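Novice: Below is the file model_36.txt, with compact mmCIF, C-alpha atoms and all ligand atoms.
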# COMPACT_ATOMS: atom_id res chain seq x y z
CA MET A 199 0.00 0.00 0.00
CA PRO A 200 1.60 3.34 -1.03
CA LYS A 201 2.17 5.43 2.09
CA GLY A 202 0.11 8.62 2.22
CA LEU A 203 -1.86 7.34 -0.82
CA ALA A 204 0.99 8.64 -3.00
CA GLY A 205 0.18 8.02 -6.66
CA VAL A 206 -3.29 6.61 -5.86
CA SER A 207 -6.14 8.23 -7.81
CA VAL A 208 -9.18 8.52 -5.55
CA THR A 209 -11.68 10.06 -7.97
CA ASP A 210 -12.22 11.56 -11.41
CA THR A 211 -12.17 15.35 -11.34
CA ARG A 212 -12.67 18.12 -13.88
CA ILE A 213 -11.55 20.94 -11.56
CA SER A 214 -7.76 21.07 -11.80
CA LYS A 215 -4.66 19.05 -12.50
CA SER A 216 -1.05 19.42 -11.37
CA ALA A 217 1.70 17.26 -12.86
CA SER A 218 5.29 16.38 -12.07
CA ASP A 219 6.56 18.29 -15.11
CA GLY A 220 5.57 21.55 -13.36
CA SER A 221 2.23 22.10 -15.08
CA LEU A 222 -0.99 23.19 -13.38
CA VAL A 223 -4.36 23.79 -15.05
CA TYR A 224 -7.65 25.02 -13.62
CA ARG A 225 -10.56 23.70 -15.71
CA GLY A 226 -8.17 23.31 -18.64
CA TYR A 227 -6.52 26.74 -18.42
CA PRO A 228 -2.78 26.79 -17.64
CA ILE A 229 -2.06 28.69 -14.44
CA ALA A 230 0.30 31.16 -16.19
CA GLU A 231 -2.50 32.01 -18.66
CA LEU A 232 -4.86 32.80 -15.79
CA ALA A 233 -2.19 34.71 -13.83
CA ALA A 234 -1.52 36.92 -16.86
CA ASN A 235 -5.15 37.64 -17.72
CA ALA A 236 -7.77 36.80 -15.12
CA GLY A 237 -8.99 38.45 -11.94
CA PHE A 238 -9.74 36.64 -8.68
CA GLU A 239 -13.54 36.51 -8.99
CA GLU A 240 -13.27 35.46 -12.64
CA THR A 241 -10.97 32.58 -11.68
CA ALA A 242 -13.19 31.64 -8.74
CA TYR A 243 -16.19 31.47 -11.09
CA LEU A 244 -14.17 29.30 -13.47
CA VAL A 245 -13.08 26.92 -10.71
CA LEU A 246 -16.60 26.66 -9.30
CA LYS A 247 -18.66 26.53 -12.48
CA GLY A 248 -16.26 25.05 -15.01
CA LYS A 249 -16.27 27.93 -17.52
CA LEU A 250 -15.14 31.54 -17.71
CA PRO A 251 -18.04 33.88 -16.91
CA THR A 252 -19.67 36.36 -19.25
CA LYS A 253 -19.80 39.97 -17.99
CA THR A 254 -23.34 39.44 -16.70
CA GLU A 255 -22.45 36.19 -14.95
CA LEU A 256 -19.38 37.75 -13.37
CA GLY A 257 -21.43 40.75 -12.21
CA ALA A 258 -24.02 38.50 -10.55
CA PHE A 259 -21.36 36.31 -8.93
CA THR A 260 -19.46 39.33 -7.55
CA LYS A 261 -22.70 40.85 -6.28
CA GLY A 262 -23.62 37.56 -4.59
CA LEU A 263 -20.30 37.52 -2.73
CA ARG A 264 -20.46 41.21 -1.77
CA SER A 265 -23.96 40.91 -0.39
CA ARG A 266 -22.73 38.16 1.99
CA LEU A 267 -19.71 39.89 3.48
CA ASP A 268 -21.39 40.89 6.71
CA VAL A 269 -20.32 38.65 9.59
CA ASP A 270 -22.76 38.38 12.50
CA ARG A 271 -21.59 40.02 15.75
CA LYS A 272 -22.07 36.68 17.51
CA VAL A 273 -19.21 35.21 15.47
CA PHE A 274 -16.88 38.03 16.52
CA ASP A 275 -17.95 37.45 20.15
CA ILE A 276 -16.96 33.78 19.84
CA MET A 277 -13.61 34.81 18.33
CA ARG A 278 -13.00 37.22 21.21
CA ASP A 279 -13.88 34.57 23.78
CA LEU A 280 -11.22 32.26 22.38
CA GLY A 281 -8.58 34.70 23.65
CA LYS A 282 -5.27 35.98 22.36
CA GLU A 283 -3.43 32.65 22.74
CA ALA A 284 -5.72 30.91 20.23
CA HIS A 285 -4.11 29.77 16.97
CA PRO A 286 -5.54 31.81 14.05
CA ILE A 287 -6.61 28.69 12.14
CA ASP A 288 -8.39 27.37 15.24
CA VAL A 289 -10.16 30.73 15.42
CA ILE A 290 -11.31 30.57 11.79
CA ARG A 291 -12.29 26.91 12.05
CA THR A 292 -14.41 27.58 15.12
CA SER A 293 -15.95 30.62 13.40
CA ALA A 294 -16.75 28.62 10.25
CA SER A 295 -18.52 26.03 12.45
CA ALA A 296 -20.42 28.81 14.22
CA LEU A 297 -21.52 30.24 10.87
CA GLY A 298 -23.14 26.88 10.18
CA SER A 299 -25.61 27.45 12.99
CA ILE A 300 -25.97 31.24 12.63
CA ASP A 301 -26.29 31.74 8.86
CA GLN A 302 -29.82 31.97 7.51
CA GLU A 303 -28.93 30.79 4.00
CA GLU A 304 -31.33 28.23 2.62
CA SER A 305 -29.79 26.94 -0.59
CA VAL A 306 -26.51 25.04 -0.79
CA GLU A 307 -25.19 27.67 -3.22
CA GLY A 308 -26.12 30.43 -0.76
CA LYS A 309 -24.30 28.62 2.07
CA GLU A 310 -21.24 28.19 -0.12
CA MET A 311 -21.19 31.85 -1.20
CA SER A 312 -21.62 32.92 2.39
CA LEU A 313 -18.57 30.87 3.38
CA GLU A 314 -16.55 32.13 0.41
CA ALA A 315 -17.35 35.77 1.18
CA LYS A 316 -17.04 35.58 4.95
CA MET A 317 -13.87 33.46 5.10
CA SER A 318 -11.91 36.55 3.97
CA VAL A 319 -13.40 38.60 6.83
CA LEU A 320 -12.65 35.79 9.30
CA ALA A 321 -9.08 35.52 7.98
CA ALA A 322 -8.46 39.25 8.36
CA ASN A 323 -9.82 39.28 11.91
CA CYS A 324 -8.66 35.97 13.39
CA LEU A 325 -5.64 37.58 15.05
CA ARG A 326 -6.91 41.00 16.06
CA VAL A 327 -10.35 40.13 17.46
CA PRO A 328 -9.10 37.42 19.89
CA ARG A 329 -6.58 40.05 21.06
CA GLY A 330 -9.50 42.27 22.00
CA GLU A 331 -9.23 44.68 19.04
CA ASP A 332 -12.23 45.78 16.99
CA PRO A 333 -12.95 43.83 13.81
CA ARG A 334 -11.85 45.29 10.49
CA ARG A 335 -14.81 45.43 8.15
CA PRO A 336 -14.91 44.82 4.40
CA LYS A 337 -15.83 47.58 1.95
CA GLU A 338 -18.59 46.58 -0.42
CA GLU A 339 -17.21 48.65 -3.28
CA LEU A 340 -13.88 46.78 -3.41
CA GLY A 341 -13.05 43.57 -5.26
CA PHE A 342 -12.27 40.41 -3.27
CA SER A 343 -8.50 40.73 -3.34
CA ASP A 344 -8.29 44.49 -2.62
CA ASN A 345 -10.81 44.06 0.15
CA LEU A 346 -8.88 41.28 1.84
CA LEU A 347 -5.62 43.24 1.56
CA GLN A 348 -7.09 46.42 3.02
CA MET A 349 -8.47 44.41 5.98
CA LEU A 350 -5.15 42.62 6.55
CA THR A 351 -2.86 45.63 6.73
CA THR A 352 -2.98 49.37 7.25
CA ARG A 353 -0.10 49.83 4.77
CA LYS A 354 -1.22 51.23 1.41
CA ALA A 355 -0.15 48.94 -1.41
CA ASP A 356 0.61 50.31 -4.87
CA GLU A 357 -1.03 49.03 -8.04
CA TYR A 358 1.63 46.47 -8.85
CA GLU A 359 1.60 45.11 -5.29
CA ARG A 360 -2.17 44.78 -5.38
CA TRP A 361 -1.90 42.93 -8.68
CA VAL A 362 0.68 40.56 -7.19
CA PHE A 363 -1.47 39.87 -4.12
CA GLU A 364 -4.35 38.92 -6.40
CA ARG A 365 -2.07 36.53 -8.35
CA VAL A 366 -0.96 34.83 -5.12
CA LEU A 367 -4.61 34.38 -4.11
CA ILE A 368 -5.35 32.86 -7.52
CA PHE A 369 -2.47 30.40 -6.99
CA TYR A 370 -3.77 29.43 -3.55
CA MET A 371 -7.33 28.85 -4.79
CA GLU A 372 -7.14 25.30 -6.04
CA HIS A 373 -4.74 22.37 -6.30
CA ASP A 374 -6.39 19.08 -7.22
CA MET A 375 -6.25 16.37 -4.54
CA ASN A 376 -4.34 18.25 -1.83
CA ALA A 377 -4.91 17.12 1.77
CA SER A 378 -7.59 19.69 2.66
CA SER A 379 -9.59 19.26 -0.56
CA PHE A 380 -9.57 15.50 -0.08
CA THR A 381 -10.76 16.07 3.51
CA VAL A 382 -13.57 18.28 2.20
CA ARG A 383 -14.60 15.58 -0.26
CA VAL A 384 -14.70 12.91 2.46
CA VAL A 385 -17.02 15.10 4.54
CA ALA A 386 -19.11 16.06 1.48
CA SER A 387 -19.54 12.37 0.66
CA THR A 388 -21.42 11.90 3.95
CA LEU A 389 -23.79 14.66 2.71
CA ALA A 390 -22.85 16.96 5.61
CA ASP A 391 -23.34 20.69 4.83
CA PRO A 392 -20.67 23.00 3.33
CA TYR A 393 -19.87 24.59 6.74
CA ALA A 394 -18.96 21.20 8.19
CA ALA A 395 -16.86 20.42 5.11
CA ALA A 396 -15.07 23.80 5.28
CA ALA A 397 -14.37 23.36 9.01
CA ALA A 398 -12.80 19.97 8.24
CA GLY A 399 -10.78 21.52 5.40
CA LEU A 400 -9.49 24.15 7.84
CA ALA A 401 -8.45 21.43 10.28
CA SER A 402 -6.35 19.82 7.52
CA LEU A 403 -4.87 23.13 6.53
CA LYS A 404 -3.50 23.82 10.00
CA GLY A 405 -0.59 21.39 9.78
CA PRO A 406 2.88 22.60 8.69
CA LEU A 407 3.06 19.91 5.99
CA HIS A 408 0.12 21.64 4.23
CA GLY A 409 -1.04 25.18 4.99
CA GLY A 410 1.31 26.13 7.78
CA ALA A 411 4.42 26.04 5.57
CA ASN A 412 4.22 29.69 4.39
CA GLU A 413 4.49 30.97 7.96
CA GLU A 414 7.33 28.57 8.75
CA ALA A 415 9.20 29.66 5.61
CA MET A 416 8.94 33.31 6.65
CA LYS A 417 10.16 32.52 10.17
CA MET A 418 13.15 30.85 8.54
CA PHE A 419 13.92 33.93 6.40
CA LEU A 420 13.67 36.17 9.46
CA GLU A 421 15.92 33.82 11.43
CA VAL A 422 18.65 33.56 8.76
CA LYS A 423 18.32 37.19 7.56
CA ASP A 424 21.75 37.41 5.90
CA PRO A 425 22.01 35.89 2.38
CA ALA A 426 25.65 35.05 3.14
CA LYS A 427 24.42 32.68 5.88
CA ALA A 428 22.12 30.64 3.58
CA GLN A 429 24.51 27.69 3.13
CA GLU A 430 25.47 27.60 6.80
CA PHE A 431 21.76 27.47 7.70
CA LEU A 432 21.08 24.64 5.26
CA GLN A 433 24.04 22.58 6.50
CA SER A 434 22.82 22.88 10.07
CA ALA A 435 19.23 21.94 9.05
CA PHE A 436 20.53 18.88 7.16
CA LYS A 437 22.71 17.87 10.12
CA GLN A 438 19.70 18.01 12.44
CA GLY A 439 17.61 16.08 9.88
CA ARG A 440 15.11 18.96 9.80
CA LYS A 441 12.81 19.55 6.85
CA VAL A 442 13.32 22.95 5.26
CA MET A 443 9.89 24.59 5.13
CA GLY A 444 8.62 25.73 1.75
CA PHE A 445 10.47 22.97 -0.13
CA GLY A 446 9.21 19.76 -1.63
CA HIS A 447 5.90 18.66 -3.02
CA ARG A 448 4.05 15.41 -3.54
CA VAL A 449 3.53 16.19 -7.24
CA TYR A 450 6.11 18.78 -8.41
CA LYS A 451 9.57 17.29 -8.51
CA GLN A 452 11.24 19.70 -10.97
CA PHE A 453 9.55 23.00 -10.16
CA ASP A 454 6.30 24.44 -8.86
CA PRO A 455 4.97 26.81 -11.57
CA ARG A 456 3.34 29.05 -8.95
CA ALA A 457 6.61 29.43 -7.03
CA ARG A 458 8.43 30.38 -10.25
CA LEU A 459 5.92 33.14 -10.98
CA CYS A 460 5.97 34.38 -7.38
CA LYS A 461 9.76 34.55 -7.47
CA GLU A 462 9.55 36.87 -10.50
CA TYR A 463 6.93 39.03 -8.74
CA LEU A 464 9.11 39.23 -5.62
CA ARG A 465 12.10 40.39 -7.65
CA GLU A 466 9.99 42.98 -9.44
CA MET A 467 8.45 44.26 -6.20
CA LEU A 468 11.90 44.82 -4.73
CA LYS A 469 13.19 46.38 -7.95
CA LYS A 470 10.35 48.89 -7.94
CA ARG A 471 11.17 49.81 -4.34
CA ARG A 472 14.82 50.46 -5.35
CA GLY A 473 15.96 49.50 -1.89
CA ASP A 474 17.53 46.56 -0.15
CA ASP A 475 17.08 43.32 -2.10
CA SER A 476 18.65 41.04 0.51
CA LEU A 477 15.35 39.18 1.06
CA TYR A 478 15.34 38.11 -2.60
CA ARG A 479 19.02 37.12 -2.45
CA LEU A 480 18.37 35.12 0.71
CA CYS A 481 15.43 33.21 -0.85
CA ASP A 482 17.42 32.61 -4.01
CA GLY A 483 20.47 31.46 -2.02
CA ILE A 484 18.55 28.92 0.05
CA GLU A 485 16.74 27.72 -3.10
CA LYS A 486 20.03 27.15 -4.95
CA GLY A 487 21.62 25.40 -1.96
CA MET A 488 18.62 23.12 -1.58
CA TRP A 489 18.62 22.20 -5.26
CA GLU A 490 22.37 21.52 -5.24
CA ALA A 491 22.21 19.37 -2.12
CA LYS A 492 18.89 17.54 -2.54
CA LYS A 493 17.35 18.42 -5.91
CA ILE A 494 14.21 19.63 -4.09
CA PRO A 495 12.50 22.74 -5.54
CA PRO A 496 10.66 25.44 -3.56
CA ASN A 497 6.86 25.38 -3.51
CA LEU A 498 4.29 28.19 -3.60
CA ASP A 499 4.51 28.77 0.17
CA TYR A 500 8.22 29.56 -0.08
CA TYR A 501 7.76 32.56 -2.40
CA ALA A 502 4.32 33.65 -1.21
CA ALA A 503 5.75 34.25 2.28
CA PRO A 504 8.22 37.05 1.38
CA ILE A 505 5.56 38.68 -0.82
CA PHE A 506 3.12 38.80 2.11
CA TYR A 507 5.95 40.12 4.27
CA LEU A 508 6.68 42.98 1.88
CA LEU A 509 2.99 43.81 1.79
CA GLY A 510 3.16 44.36 5.55
CA ILE A 511 1.01 41.38 6.58
CA ASP A 512 1.58 39.79 10.02
CA VAL A 513 3.16 36.34 9.72
CA PRO A 514 0.42 34.44 11.65
CA LEU A 515 -2.06 35.60 8.99
CA TYR A 516 -0.33 33.83 6.09
CA THR A 517 -2.17 30.50 6.50
CA PRO A 518 -5.53 32.26 7.06
CA ILE A 519 -4.98 33.99 3.68
CA PHE A 520 -4.46 30.56 2.11
CA ALA A 521 -7.82 29.53 3.65
CA ALA A 522 -9.62 32.65 2.38
CA SER A 523 -8.71 31.68 -1.17
CA ARG A 524 -8.76 27.87 -0.98
CA VAL A 525 -12.35 27.85 0.28
CA PHE A 526 -13.42 28.49 -3.35
CA GLY A 527 -11.57 25.32 -4.43
CA TRP A 528 -13.03 23.42 -1.50
CA MET A 529 -16.55 24.36 -2.55
CA ALA A 530 -15.84 23.26 -6.14
CA HIS A 531 -14.76 19.87 -4.74
CA TYR A 532 -17.79 19.79 -2.44
CA ASN A 533 -20.11 20.25 -5.42
CA GLU A 534 -18.31 17.79 -7.67
CA GLN A 535 -18.39 15.17 -4.91
CA VAL A 536 -22.07 15.65 -4.12
CA GLU A 537 -23.10 15.70 -7.80
CA GLU A 538 -21.67 12.23 -8.38
CA ASN A 539 -21.78 11.06 -4.81
CA LYS A 540 -20.68 7.77 -3.39
CA LEU A 541 -19.77 7.66 0.31
CA ILE A 542 -15.97 7.71 0.63
CA ARG A 543 -15.31 4.70 2.78
CA PRO A 544 -12.10 2.96 1.74
CA ASP A 545 -10.74 -0.28 2.97
CA ALA A 546 -7.60 -0.90 5.05
CA ILE A 547 -5.30 -3.88 5.24
CA TYR A 548 -5.56 -5.21 8.78
CA VAL A 549 -2.11 -6.11 10.09
CA GLY A 550 -2.95 -6.42 13.82
CA PRO A 551 -3.37 -9.53 15.93
CA ALA A 552 -6.41 -11.85 15.74
CA GLY A 553 -8.30 -14.31 17.93
CA LEU A 554 -7.18 -12.91 21.32
CA LYS A 555 -8.98 -14.12 24.45
CA TYR A 556 -10.59 -11.52 26.73
CA GLU A 557 -8.75 -11.25 30.06
CA PRO A 558 -10.69 -9.86 33.04
CA ILE A 559 -9.31 -6.52 34.31
CA GLU A 560 -8.37 -8.03 37.73
CA SER A 561 -5.93 -10.45 36.19
CA ARG A 562 -4.29 -8.11 33.62
C1 LIG B 601 5.32 18.70 0.99
C2 LIG B 601 5.86 17.41 1.54
C3 LIG B 601 5.02 16.98 2.77
C4 LIG B 601 5.73 16.33 0.45
O1 LIG B 601 6.14 15.20 1.01
P1 LIG B 601 6.13 13.73 0.39
O2 LIG B 601 5.66 13.70 -0.99
O3 LIG B 601 5.45 12.87 1.38
O4 LIG B 601 7.66 13.44 0.34
P2 LIG B 601 8.57 13.10 1.59
O5 LIG B 601 8.28 13.96 2.76
O6 LIG B 601 8.52 11.63 1.79
O7 LIG B 601 9.97 13.51 0.99
C5 LIG B 601 10.73 12.71 0.07
C6 LIG B 601 12.21 12.90 0.43
O8 LIG B 601 12.57 14.27 0.26
C7 LIG B 601 12.96 14.85 1.51
N1 LIG B 601 12.30 16.14 1.65
C8 LIG B 601 11.08 16.49 1.18
N2 LIG B 601 10.79 17.74 1.51
C9 LIG B 601 11.86 18.19 2.21
C10 LIG B 601 12.14 19.42 2.80
N3 LIG B 601 11.27 20.42 2.77
N4 LIG B 601 13.33 19.56 3.43
C11 LIG B 601 14.23 18.54 3.47
N5 LIG B 601 13.99 17.36 2.91
C12 LIG B 601 12.83 17.18 2.29
C13 LIG B 601 12.41 13.90 2.59
O9 LIG B 601 13.18 13.95 3.77
C14 LIG B 601 12.50 12.57 1.89
O10 LIG B 601 13.83 12.14 1.95
P3 LIG B 601 14.18 10.57 2.14
O11 LIG B 601 13.55 9.89 0.94
O12 LIG B 601 15.66 10.56 2.16
O13 LIG B 601 13.52 10.17 3.42
C15 LIG B 601 7.33 17.54 1.98
O14 LIG B 601 8.10 17.91 0.86
C16 LIG B 601 7.50 18.53 3.12
O15 LIG B 601 7.32 18.16 4.29
N6 LIG B 601 7.84 19.81 2.80
C17 LIG B 601 7.98 20.83 3.80
C18 LIG B 601 6.62 21.42 4.15
C19 LIG B 601 6.03 22.25 3.03
O16 LIG B 601 6.70 23.10 2.46
N7 LIG B 601 4.75 22.01 2.77
C20 LIG B 601 3.99 22.75 1.77
C21 LIG B 601 3.64 21.87 0.64
S1 LIG B 601 2.88 22.77 -0.68
The structure in this file should be written as structure tokens.
Ligand SMILES: CC(C)(COP(=O)(O)OP(=O)(O)OC[C@H]1O[C@@H](n2cnc3c(N)ncnc32)[C@H](O)[C@@H]1OP(=O)(O)O)[C@@H](O)C(=O)NCCC(=O)NCCS
Specialist:
Amino acid sequence: MPKGLAGVSVTDTRISKSASDGSLVYRGYPIAELAANAGFEETAYLVLKGKLPTKTELGAFTKGLRSRLDVDRKVFDIMRDLGKEAHPIDVIRTSASALGSIDQEESVEGKEMSLEAKMSVLAANCLRVPRGEDPRRPKEELGFSDNLLQMLTTRKADEYERWVFERVLIFYMEHDMNASSFTVRVVASTLADPYAAAAAGLASLKGPLHGGANEEAMKMFLEVKDPAKAQEFLQSAFKQGRKVMGFGHRVYKQFDPRARLCKEYLREMLKKRRGDDSLYRLCDGIEKGMWEAKKIPPNLDYYAAPIFYLLGIDVPLYTPIFAASRVFGWMAHYNEQVEENKLIRPDAIYVGPAGLKYEPIESR
């Protein structure tokens, strides 16, 4: 049995496909094609519905999201009660569960849109509200990506930076049978509602082998700081047998196309600032050292992290941003699963003992 189901296909899907040669398509469109041309809502519509929207369809979809941005005060009260020590993903997961009992949406599509719209507000507030600060509210007139960015940071991003942030969100939106999407499909296959499925997806996303890697990569950059220390850092990590966060992938063995694009954006962002480019040199140095020593390429998390850092976003919010975007992919998987449903209930090879005789507790 392949460990971690590596190489095992668990379903047919029409949503997206990543491959070891470094290709990624959403509904048939190469990721670079979408990054160069599409906006966030347009891509979300594509991922969810399977085709690019017309202007009218896009308008209705955007309006549907905007009209569901308002998060009930009760959810913020729950967030506050969790307290400042709570992990941001635990805060969002608990809030997503709470939405399931508070939301008044009737249709499945309404529930999904509510989650998609509100997850961005939860992500932006999962650190500040438990600390006792007031929630930051979305602005109805802004697009999804600009709205999320303005709630995440008080720093004013320029046009290029806003464009880059939107690209990173597009990259985080969907990635075929990743751990959290598979989790969502398992829950969907029991016919539980989208809130339950999203809460389960969030639980999967918390681990550093999946969603938590962008934060860990940034902590590493902040720890090493000096590009001249990149090799020394790697040698010490190898000696301790530690995994280097932001490297490796179950599918991409040559390169991750999203990381390649993000690396270009990072370089351009720093070039436009005409200042210190040591962060880029550090990332590049660790990347080269890792490739030389282990032939392991960086993944999206590795280059998304320094972009978020330059945008002035607090490090604990990096995984919540991932969640705010990935929820659209999760809902596409939820729908695909339910449309052709069969309860996901695999088998396991039993390798434990058999035929044991019960021994009373007194004589054990
Ligand atoms: C993503 C990840 C879980 C994929 O793992 P996987 O397909 O199960 O592959 P494995 O973890 O078994 O790794 C295969 C080999 O490469 C090594 N490897 C993989 N990622 C590594 C990393 N980030 N640092 C150091 N070594 C790594 C493993 O130690 C293993 O070596 P071995 O065969 O000598 O034991 C893994 O690469 C990882 O833990 N990366 C760091 C976390 C991360 O960035 N996650 C975000 C993913 S998008």
Novice: Quick one: residues within 9 Å of Val245 in chain A, only C-alpha atoms counted, chain neighbours fewer than 6 positions away excluded, as a short mmCIF file (atom, residue, chain, number, x, y, z; two decimals) with C-alpha atoms, in the coordinates of the input?
Specialist:
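Result written to part_24.cif:
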data_model
loop_
_atom_site.label_atom_id
_atom_site.label_comp_id
_atom_site.auth_asym_id
_atom_site.auth_seq_id
_atom_site.Cartn_x
_atom_site.Cartn_y
_atom_site.Cartn_z
CA ILE A 213 -11.55 20.94 -11.56
CA SER A 214 -7.76 21.07 -11.80
CA TYR A 224 -7.65 25.02 -13.62
CA ARG A 225 -10.56 23.70 -15.71
CA MET A 371 -7.33 28.85 -4.79
CA GLU A 372 -7.14 25.30 -6.04
CA PHE A 526 -13.42 28.49 -3.35
CA GLY A 527 -11.57 25.32 -4.43
CA ALA A 530 -15.84 23.26 -6.14
#
Novice: Using all atoms listed in the file, which of A:Leu203, A:Ala546, A:Val306, A:Ala521 sits nearest ligand LIG 601 (chain B)?
Specialist: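 Between A:Leu203, A:Ala546, A:Val306, A:Ala521, the residue approaching ligand LIG 601 (chain B) most closely is A:Leu203.
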Novice: Can you tell me, as an MDAnalysis selection string, what residues are no more than 10 Å from Asp482 in chain A when counting only C-alpha atoms, ignoring any on the same chain fewer than 4 positions away?
Specialist: chainID A and resid 425 428 461 476:478 486:488 496 501
Novice: Mind listing as a list in words all residues within 6 Å of (8.9, 25.1, -1.8), counting all atoms listed in the file?
Specialist: Gly444, Phe445, Gly446, Pro495, Pro496, Asn497, Leu498 and Tyr500 of chain A
Novice: Quick one: residues within 9 Å of Ala355 in chain A, only C-alpha atoms counted, chain neighbours fewer than 5 positions away excluded, as an mmCIF file with C-alpha atoms, in the frame of the given file?
Specialist:
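Below you can see around_34.cif, which holds the result:
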data_model
loop_
_atom_site.group_PDB
_atom_site.id
_atom_site.type_symbol
_atom_site.label_atom_id
_atom_site.label_comp_id
_atom_site.auth_asym_id
_atom_site.auth_seq_id
_atom_site.Cartn_x
_atom_site.Cartn_y
_atom_site.Cartn_z
ATOM 1 C CA LEU A 347 -5.620 43.240 1.560
ATOM 2 C CA GLN A 348 -7.090 46.420 3.020
ATOM 3 C CA ARG A 360 -2.170 44.780 -5.380
ATOM 4 C CA LEU A 509 2.990 43.810 1.790
ATOM 5 C CA GLY A 510 3.160 44.360 5.550
#
Novice: With only C-alpha atoms and all ligand atoms counted, collect every polymer residue having an atom within 7 Å of ligand LIG 601 (chain B); state the result as a PyMOL selection string.
Specialist: chain A and resi 202+406-409+411+440-448+494+497-499
Novice: Looking at only C-alpha atoms, which of A:Val223, A:Leu320, A:Val206, A:Ala386 is the one that sits closest to Glu537 in chain A?
Specialist: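 Nearest to Glu537 in chain A: A:Ala386.
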Novice: Residues within 12 Å of Ser293 in chain A, please, as a ChimeraX atom specification. Count all atoms listed in the file; anything in the same chain fewer than 5 positions from it doesn't count.
Specialist: /A:269-280,286-288,298-301,313,316-321,323-324,327-328,393-394,396-397,400
